[in-house]
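*Asks:* Please see the structure below; I have some questions.
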There are 2 protein chains.
Amino acid sequence: MAFSAKIAALRTLLGEWSLDGVIVPRADEHLGEYVPPSAERLSWLTGFTGSAGLAAVTSRKAAVFSDGRYTLQLQTETDGSLWERRHLTEEPAARWLVEAGAKRIGYDPWLISEEALRPYAQAGLEMVALEANPVDAIWSDRPAPPAGVAVLHPLEFAGKPSVEKRQELAATLRAAGLKAAVISDPASVAWLFNIRGQDVGFTPFLLGFALLYDDASATLFTTPAKIPAAIHDWLGAEVTVADRPALAPALAALAGQKVRVDTQGSPAWFAQTLTAAGAQVESGLDPCLLPKACKNPTEQQGSRDAHLRDAIAMTRFLYWLDTSLASGAALTELSVAAKLLALRHEMAGFQGESFPAITAAGEHGAIVHYRASAESDRALQRNEVYLIDSGGQYLCGTTDITRTIWTGPDVAPAALRARYTRVLRGHSAIARLIFPPGVTGAHIDGFARAALWQMGLDYDHGTGHGVGSYLSVHEGPVSISRAARPIALQPGMILSNEPGYYEPDAYGIRLENLVLVQKANLAGATRSFLSFETLSLAPFDPRLIDWDGLNAEERDWLNAYHLRVIDTLAPYLDAPCREWLQKAGPR
Amino acid sequence: MAFSAKIAALRTLLGEWSLDGVIVPRADEHLGEYVPPSAERLSWLTGFTGSAGLAAVTSRKAAVFSDGRYTLQLQTETDGSLWERRHLTEEPAARWLVEAGAKRIGYDPWLISEEALRPYAQAGLEMVALEANPVDAIWSDRPAPPAGVAVLHPLEFAGKPSVEKRQELAATLRAAGLKAAVISDPASVAWLFNIRGQDVGFTPFLLGFALLYDDASATLFTTPAKIPAAIHDWLGAEVTVADRPALAPALAALAGQKVRVDTQGSPAWFAQTLTAAGAQVESGLDPCLLPKACKNPTEQQGSRDAHLRDAIAMTRFLYWLDTSLASGAALTELSVAAKLLALRHEMAGFQGESFPAITAAGEHGAIVHYRASAESDRALQRNEVYLIDSGGQYLCGTTDITRTIWTGPDVAPAALRARYTRVLRGHSAIARLIFPPGVTGAHIDGFARAALWQMGLDYDHGTGHGVGSYLSVHEGPVSISRAARPIALQPGMILSNEPGYYEPDAYGIRLENLVLVQKANLAGATRSFLSFETLSLAPFDPRLIDWDGLNAEERDWLNAYHLRVIDTLAPYLDAPCREWLQKAGPR
């Protein structure tokens, strides 16, 4: 079906449904980052495959919106004679629709949150929640939704039985006078019931919804075939499994009760259905988000175990890369990433990558969200910068690490080493930071940047994101960013520490370790403080470090880190790799 | 009149006015920090003289509320048999009133903002705006309101004619579809019309209100006797002066129009009167706040001039203090502060202190808001810490500086020097910071604390406040604090940089200079960055600095600062003082 025919079919629907326009966001019913093929409606309709976007179609006009990361890709993938191409925040769809003269706009209430709907209403548009998705109505060869089967996440990794988690949350619901909470985030579903799934790539999600009640009972709404008998036993008697059609009646049964809905993270359908049924919607954070973010001792130890395995694979990889480059072997972005993946596969419990690796040579590194493809794949050349950002899913934890390498054989240019060293100083400032309770990611983001700022440089992304425990590699609610939510950093939270610097059309530098928030061990302190335990272990490329550009505290930190890397990994490495690693060691 | 009689009289009024209770905040009609004696109702009613507080009286109970700064003072100044003493935020008055069984609560809509009223309504109380202030009804010997006469603030200090300010603001009003804006902050009134007054201590305010219209005309509401003919000429034909009774009709004339009101900073009376008159209230920042905070080049130069004079006085003072201590002269907190004031009076354009100096010896320094009085005044002793936080009002600018001194003659203890040096490192981190546009005070507050945090120490106040131009020493809307408003730091803003450390019952350390936000001068930077120009010039006590505790960047900064102090001030100092200053110099 040609893209023009798809637009035409959608316009026929507009007429039948008495609408002036319709919006098609890139989203599934869980509003998350990874979307199964059956929910790739934006891509099917427009050709645009980026991870953030939206199409708006009226009877006469059509536009597709995305953000700065995808400006070029939007141009390449969509037909400019069919689609206007717009910036999602600078030229918002609400304004575009108003300017296009549209008034009544249809939307699928399963694919957008109440918060995200607000700008449309504020622009004066009449937003009409549709009973059926308009794209699905014309998408005849739509893939089947994923049918991955649930697996149990055993206590040796989860650390706390589901019943305890539910009892604790139920107590907070009761304290707030809430009868129930809507859980629409599959990461929350997985954490709450100690289950995992196989419905989307890179993250072991089971796609489903849950209602948690104030008596610690719960209903899991998902296709029953996805829940084998063993999982029923694992879930226990207090957890009912129900098919999706049972969801609306279950919400209707909450009439007259107060129900927590995360109106920022959940589809608008939930609040709308509850309100229509006569329930009182209390807008607030998904109650699983904070306890899930604060890893329990078992999860913390699991993450350390995962990071040890990942560090072995990563260090073997860096050694292999260095020797391969020195021997003049032909390497490309994809072949190098494949080698790292193979080395990870040798590690116990490795389940797959936690996201598609960013493997970027030379100027590709300057594209922050670069994805190497068969077409873009490029050889690693002599005397350039190579950046690899990758991670693994292990049953005991999730990893994410970035290293930036000088391919040699010549000495790296001084300007490059100066910039790399500034990024390393920022990374070290976060790693060394001690801070009191109450501090948020917005309060500390600048520490990762100050050394770059001092040179008039910066990077256009956050410094860190939360990371799950054998779950999403991007996990809320906290981050290290100027725009971080006002939620304090707390013991057990795992975040990335990944400052960078990007020289347009030349190279990218990013240095990423994961860190775990811990109570700081301070002799004689009269109040409690927090600090970061660095989890990731792999050397930083000594050829890119300008040692004179580090102050004493930074040098001490770097030496101690490298000593720890060597001491921890040496028993797992063969002699040549161990010798190579020693060279990165303290000086 | 005894306090018990005052409460009894208030309760009689409650009966007559059919109220269950009444609240009496410490505030005047401008909701600012400094309040004229005629508005010190809380002090008259309860005896409590702190700068933040509120009384609540019901037919059977009475309580007075303040914050942690005043816990002790509240106990001392009020009669426990008449008043329950409560914490303003931990045991809020709204909850206390509900628990006291009160329902209908009277308040003076001139003395509380819409925002501050919200918790009362949320607690389910029926808040009744009173036509007359209940305390005034029983306060027979209430002082007359201040009758200070307006003076003009000439262009050589103001830098921009009022008409230009009004035209620029009028354009923003028109762009937002606003007919007018309410100006209730006397600092905004002073800035907008380039006038100053003499109505309250320490800040050259003329107490009055203004309405600014979208055609750049304005009305100044104040007692006409306060505006001499010369000021009428200065204000020009577009500015009408009207007496206070004309205010309500002027608001009523805005029926059907959209009017900006700062519902956080203005008395609730404005929004209530406008709404009742059929005007549409748009809640938003007082439009003068941001342009007033961003000093124009004339004001910036004026501030440098004021700081030069203040630095001469301050350095002469520090020399005098050092030699007096060495000679064993008898000094007390009040006598030392008097000497500094006398030295400031020798400076051209000095108008008086910008706030009551905090002069605190030994353990008094640990009380952040300590005010020396005839009763508390204490001798400066040998081998202790002395802290003085003071500032001046000059026609060209406002200053605020804090230095912490070791009285000698012995070497200061290592633990003290270590802490002083940590505070100095934090001060230096702010002073040296370079940062991009968009950064707020919340994003950089941690830089002032990180060196203390590293030792498990912190301080319980913000790092910096905005400072006016021959206006309030505490000026909004920006600050350097974890709780700073989300308003970016911008060129021309003047802020204090004042980290500290307080050892309970022992001493206080605070090191304060004012800094001016400037465009950073960075060779080769491709984007614009900002930095702080330090305005205050006075040496840091070398006897408290642990030079080995500074890293190279901090040592370089401190040496460069002391060189600048010496080079700038030497021409103004006599030979012995100059020699003394050299000793504080670079090492």
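We name chains A, B, ... following the order of the structure tokens; residues begin at 1 in each chain, and ligands are numbered from 1 as shown.
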Listing only residues of chain A within 9 Å of chain B, what is the closest atom pair and its distance in Å (to one decimal) for each, using only C-alpha atoms, sorted by chain and residue number ascending, as JSON lines?
*Replies:*
```
{"residue": "A:Arg432", "atom": "CA", "partner": "B:Gln454", "partner_atom": "CA", "distance": 8.7}
{"residue": "A:Leu433", "atom": "CA", "partner": "B:Gln454", "partner_atom": "CA", "distance": 7.2}
{"residue": "A:Ile434", "atom": "CA", "partner": "B:Gln454", "partner_atom": "CA", "distance": 5.4}
{"residue": "A:Phe435", "atom": "CA", "partner": "B:Trp453", "partner_atom": "CA", "distance": 5.6}
{"residue": "A:Pro436", "atom": "CA", "partner": "B:Trp453", "partner_atom": "CA", "distance": 7.2}
{"residue": "A:Val439", "atom": "CA", "partner": "B:Arg482", "partner_atom": "CA", "distance": 7.8}
{"residue": "A:Thr440", "atom": "CA", "partner": "B:Arg482", "partner_atom": "CA", "distance": 9.0}
{"residue": "A:Ala442", "atom": "CA", "partner": "B:His443", "partner_atom": "CA", "distance": 6.0}
{"residue": "A:His443", "atom": "CA", "partner": "B:His443", "partner_atom": "CA", "distance": 4.8}
{"residue": "A:Ile444", "atom": "CA", "partner": "B:Gly446", "partner_atom": "CA", "distance": 6.8}
{"residue": "A:Asp445", "atom": "CA", "partner": "B:His443", "partner_atom": "CA", "distance": 7.3}
{"residue": "A:Gly446", "atom": "CA", "partner": "B:His443", "partner_atom": "CA", "distance": 6.4}
{"residue": "A:Phe447", "atom": "CA", "partner": "B:Phe447", "partner_atom": "CA", "distance": 7.5}
{"residue": "A:Arg449", "atom": "CA", "partner": "B:Phe435", "partner_atom": "CA", "distance": 8.6}
{"residue": "A:Ala450", "atom": "CA", "partner": "B:Ile434", "partner_atom": "CA", "distance": 7.1}
{"residue": "A:Ala451", "atom": "CA", "partner": "B:Ile434", "partner_atom": "CA", "distance": 8.9}
{"residue": "A:Trp453", "atom": "CA", "partner": "B:Phe435", "partner_atom": "CA", "distance": 5.6}
{"residue": "A:Gln454", "atom": "CA", "partner": "B:Ile434", "partner_atom": "CA", "distance": 5.4}
{"residue": "A:Met455", "atom": "CA", "partner": "B:Leu522", "partner_atom": "CA", "distance": 7.1}
{"residue": "A:Gly456", "atom": "CA", "partner": "B:Ala525", "partner_atom": "CA", "distance": 5.0}
{"residue": "A:Leu457", "atom": "CA", "partner": "B:Ala525", "partner_atom": "CA", "distance": 7.1}
{"residue": "A:Asp458", "atom": "CA", "partner": "B:Pro436", "partner_atom": "CA", "distance": 8.2}
{"residue": "A:Arg482", "atom": "CA", "partner": "B:His443", "partner_atom": "CA", "distance": 6.9}
{"residue": "A:Ala520", "atom": "CA", "partner": "B:Gly456", "partner_atom": "CA", "distance": 8.6}
{"residue": "A:Leu522", "atom": "CA", "partner": "B:Gly456", "partner_atom": "CA", "distance": 6.4}
{"residue": "A:Ala523", "atom": "CA", "partner": "B:Gly456", "partner_atom": "CA", "distance": 8.3}
{"residue": "A:Gly524", "atom": "CA", "partner": "B:Gly456", "partner_atom": "CA", "distance": 7.9}
{"residue": "A:Ala525", "atom": "CA", "partner": "B:Gly456", "partner_atom": "CA", "distance": 5.0}
{"residue": "A:Thr526", "atom": "CA", "partner": "B:Gly456", "partner_atom": "CA", "distance": 7.4}
{"residue": "A:Arg527", "atom": "CA", "partner": "B:Gly456", "partner_atom": "CA", "distance": 7.1}
{"residue": "A:Ser528", "atom": "CA", "partner": "B:Gly456", "partner_atom": "CA", "distance": 7.6}
{"residue": "A:Phe529", "atom": "CA", "partner": "B:Gly456", "partner_atom": "CA", "distance": 6.5}
{"residue": "A:Asn551", "atom": "CA", "partner": "B:Asn551", "partner_atom": "CA", "distance": 7.2}
{"residue": "A:Ala552", "atom": "CA", "partner": "B:Asn551", "partner_atom": "CA", "distance": 7.4}
{"residue": "A:Glu553", "atom": "CA", "partner": "B:Asn551", "partner_atom": "CA", "distance": 8.5}
```
*Asks:* Might you pull out every residue within 10 Å of stretch 79-95 of chain A, with only C-alpha atoms counted and same-chain residues fewer than 5 positions away left off, and present them as a count of residues only?
*Replies:* 37
*Asks:* Pick out the residues sitting within 8 Å of stretch 495-501 of chain B, and hand them over as an NGL selection string; count only C-alpha atoms, and ignore anything fewer than 3 positions along from it in its own chain.
*Replies:* :B and (400 or 402 or 419-420 or 423-424 or 426-427 or 430-431 or 448-449 or 457-459 or 462-467 or 479-480 or 508-516)
*Asks:* Name the residues of stretch 75-269 of chain B that fall into helix (DSSP H, G or I) according to DSSP on the backbone, using the chain letters and numbers of this document, as number ranges by chain.
*Replies:* B: 75-77, 93-99, 114-122, 134-138, 155-158, 162-175, 186-193, 224-226, 229-235, 244-252, 268-269
*Asks:* Which of these, A:Glu99, A:Trp191, A:Thr49, A:Leu31, has the shortest distance to A:Ala293 once you count only C-alpha atoms?
*Replies:*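 The closest residue to A:Ala293 is A:Trp191.
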*Asks:* What's the 9 Å shell around B:Phe270, counting only C-alpha atoms, without same-chain residues fewer than 2 positions away, as a list in words?
*Replies:*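 Selected residues are Pro109, Trp110, Val182, Ala248, Leu251, Val261, Thr263, Ser266, Pro267, Ala268, Gln272, Thr273, Leu274 and Thr275 of chain B.
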*Asks:* Check stretch 418-524 of chain A with DSSP on the backbone and list each residue it calls strand (DSSP E), as an NGL selection string.
*Replies:* :A and (434-435 or 464-466 or 475-480 or 494-497 or 500-503 or 507-510 or 513-519)
*Asks:* With N, CA, C and O atoms retained, write the just-selected residues as a short mmCIF file (atom, residue, chain, number, x, y, z; two decimals), in the first residue's frame.
*Replies:*
```cif
data_model
loop_
_atom_site.label_atom_id
_atom_site.label_comp_id
_atom_site.auth_asym_id
_atom_site.auth_seq_id
_atom_site.Cartn_x
_atom_site.Cartn_y
_atom_site.Cartn_z
N ILE A 434 30.18 13.52 47.15
CA ILE A 434 29.45 13.16 48.36
C ILE A 434 28.40 14.23 48.55
O ILE A 434 28.70 15.42 48.35
N PHE A 435 27.19 13.85 48.88
CA PHE A 435 26.10 14.84 48.91
C PHE A 435 25.07 14.43 49.94
O PHE A 435 24.92 13.25 50.25
N GLY A 464 22.96 11.55 33.12
CA GLY A 464 22.70 10.18 33.55
C GLY A 464 21.22 9.84 33.58
O GLY A 464 20.38 10.70 33.79
N HIS A 465 20.94 8.55 33.37
CA HIS A 465 19.57 8.04 33.44
C HIS A 465 19.54 6.91 34.46
O HIS A 465 20.57 6.27 34.71
N GLY A 466 18.37 6.67 35.03
CA GLY A 466 18.20 5.51 35.89
C GLY A 466 18.33 4.23 35.09
O GLY A 466 18.09 4.22 33.88
N GLU A 475 15.42 3.90 33.02
CA GLU A 475 14.37 3.72 34.02
C GLU A 475 14.15 5.02 34.80
O GLU A 475 15.11 5.66 35.21
N GLY A 476 12.89 5.39 35.02
CA GLY A 476 12.57 6.55 35.84
C GLY A 476 12.56 6.18 37.30
O GLY A 476 12.84 5.04 37.63
N PRO A 477 12.22 7.09 38.20
CA PRO A 477 11.85 8.48 37.90
C PRO A 477 13.02 9.46 37.99
O PRO A 477 12.84 10.60 37.68
N VAL A 478 14.22 9.01 38.40
CA VAL A 478 15.30 9.99 38.58
C VAL A 478 16.24 9.99 37.39
O VAL A 478 16.30 9.05 36.60
N SER A 479 16.99 11.07 37.28
CA SER A 479 18.03 11.19 36.26
C SER A 479 19.02 12.23 36.76
O SER A 479 18.79 12.88 37.78
N ILE A 480 20.15 12.34 36.08
CA ILE A 480 21.10 13.42 36.37
C ILE A 480 21.04 14.35 35.17
O ILE A 480 21.55 14.04 34.10
N ILE A 494 20.32 3.18 40.85
CA ILE A 494 21.43 3.00 39.90
C ILE A 494 21.23 3.98 38.75
O ILE A 494 20.14 4.09 38.19
N LEU A 495 22.28 4.73 38.46
CA LEU A 495 22.23 5.75 37.41
C LEU A 495 23.45 5.63 36.53
O LEU A 495 24.48 5.11 36.96
N SER A 496 23.34 6.15 35.31
CA SER A 496 24.54 6.25 34.49
C SER A 496 25.24 7.57 34.77
O SER A 496 24.62 8.55 35.19
N ASN A 497 26.55 7.58 34.58
CA ASN A 497 27.39 8.77 34.72
C ASN A 497 28.11 8.89 33.39
O ASN A 497 29.11 8.21 33.16
N GLY A 500 29.95 13.79 28.01
CA GLY A 500 30.51 13.60 26.68
C GLY A 500 30.95 14.92 26.07
O GLY A 500 30.81 15.99 26.68
N TYR A 501 31.50 14.82 24.90
CA TYR A 501 31.79 16.02 24.10
C TYR A 501 31.75 15.60 22.63
O TYR A 501 32.28 14.54 22.28
N TYR A 502 31.14 16.43 21.80
CA TYR A 502 30.92 16.06 20.41
C TYR A 502 31.43 17.16 19.50
O TYR A 502 30.95 18.30 19.58
N GLU A 503 32.42 16.86 18.71
CA GLU A 503 32.98 17.81 17.76
C GLU A 503 32.30 17.53 16.43
O GLU A 503 32.55 16.49 15.80
N TYR A 507 34.27 13.91 15.61
CA TYR A 507 34.33 12.77 16.53
C TYR A 507 33.40 12.99 17.71
O TYR A 507 32.90 14.11 17.94
N GLY A 508 33.17 11.93 18.45
CA GLY A 508 32.41 12.02 19.69
C GLY A 508 33.19 11.37 20.82
O GLY A 508 33.88 10.37 20.61
N ILE A 509 33.09 11.97 22.01
CA ILE A 509 33.69 11.40 23.22
C ILE A 509 32.55 11.19 24.20
O ILE A 509 31.74 12.10 24.43
N ARG A 510 32.44 10.00 24.79
CA ARG A 510 31.50 9.79 25.89
C ARG A 510 32.13 8.75 26.81
O ARG A 510 32.67 7.75 26.32
N ASN A 513 30.08 5.10 33.03
CA ASN A 513 29.99 4.00 33.99
C ASN A 513 28.63 4.09 34.67
O ASN A 513 28.06 5.18 34.75
N LEU A 514 28.12 2.98 35.17
CA LEU A 514 26.95 3.04 36.05
C LEU A 514 27.41 3.23 37.49
O LEU A 514 28.48 2.75 37.88
N VAL A 515 26.61 3.97 38.24
CA VAL A 515 26.91 4.22 39.65
C VAL A 515 25.70 3.87 40.51
O VAL A 515 24.56 3.97 40.05
N LEU A 516 25.97 3.47 41.73
CA LEU A 516 24.93 3.04 42.67
C LEU A 516 24.96 4.01 43.85
O LEU A 516 26.01 4.20 44.46
N VAL A 517 23.82 4.61 44.17
CA VAL A 517 23.77 5.53 45.31
C VAL A 517 23.86 4.72 46.60
O VAL A 517 23.13 3.75 46.79
N GLN A 518 24.78 5.13 47.48
CA GLN A 518 25.01 4.45 48.74
C GLN A 518 25.08 5.46 49.87
O GLN A 518 25.37 6.62 49.62
N LYS A 519 24.88 5.00 51.10
CA LYS A 519 25.20 5.85 52.25
C LYS A 519 26.70 6.05 52.29
O LYS A 519 27.46 5.08 52.16
#
```
*Asks:* Using only C-alpha atoms, which protein or nucleic acid residues come within 6 Å of stretch 386-393 of chain B? Drop anything in the same chain fewer than 6 positions from it, and give the result as a list of chain:residue names.
*Replies:*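 Listed by chain and then number, they are B:Phe350, B:Gln351, B:Gly352, B:Glu353, B:Ser354, B:Ala357, B:Ile358, B:Thr359, B:Ala360, B:Ala361, B:Gly362, B:Thr399, B:Asp400, B:Ile401, B:Thr402, B:Arg403, B:Thr404, B:Ile405, B:Tyr470.
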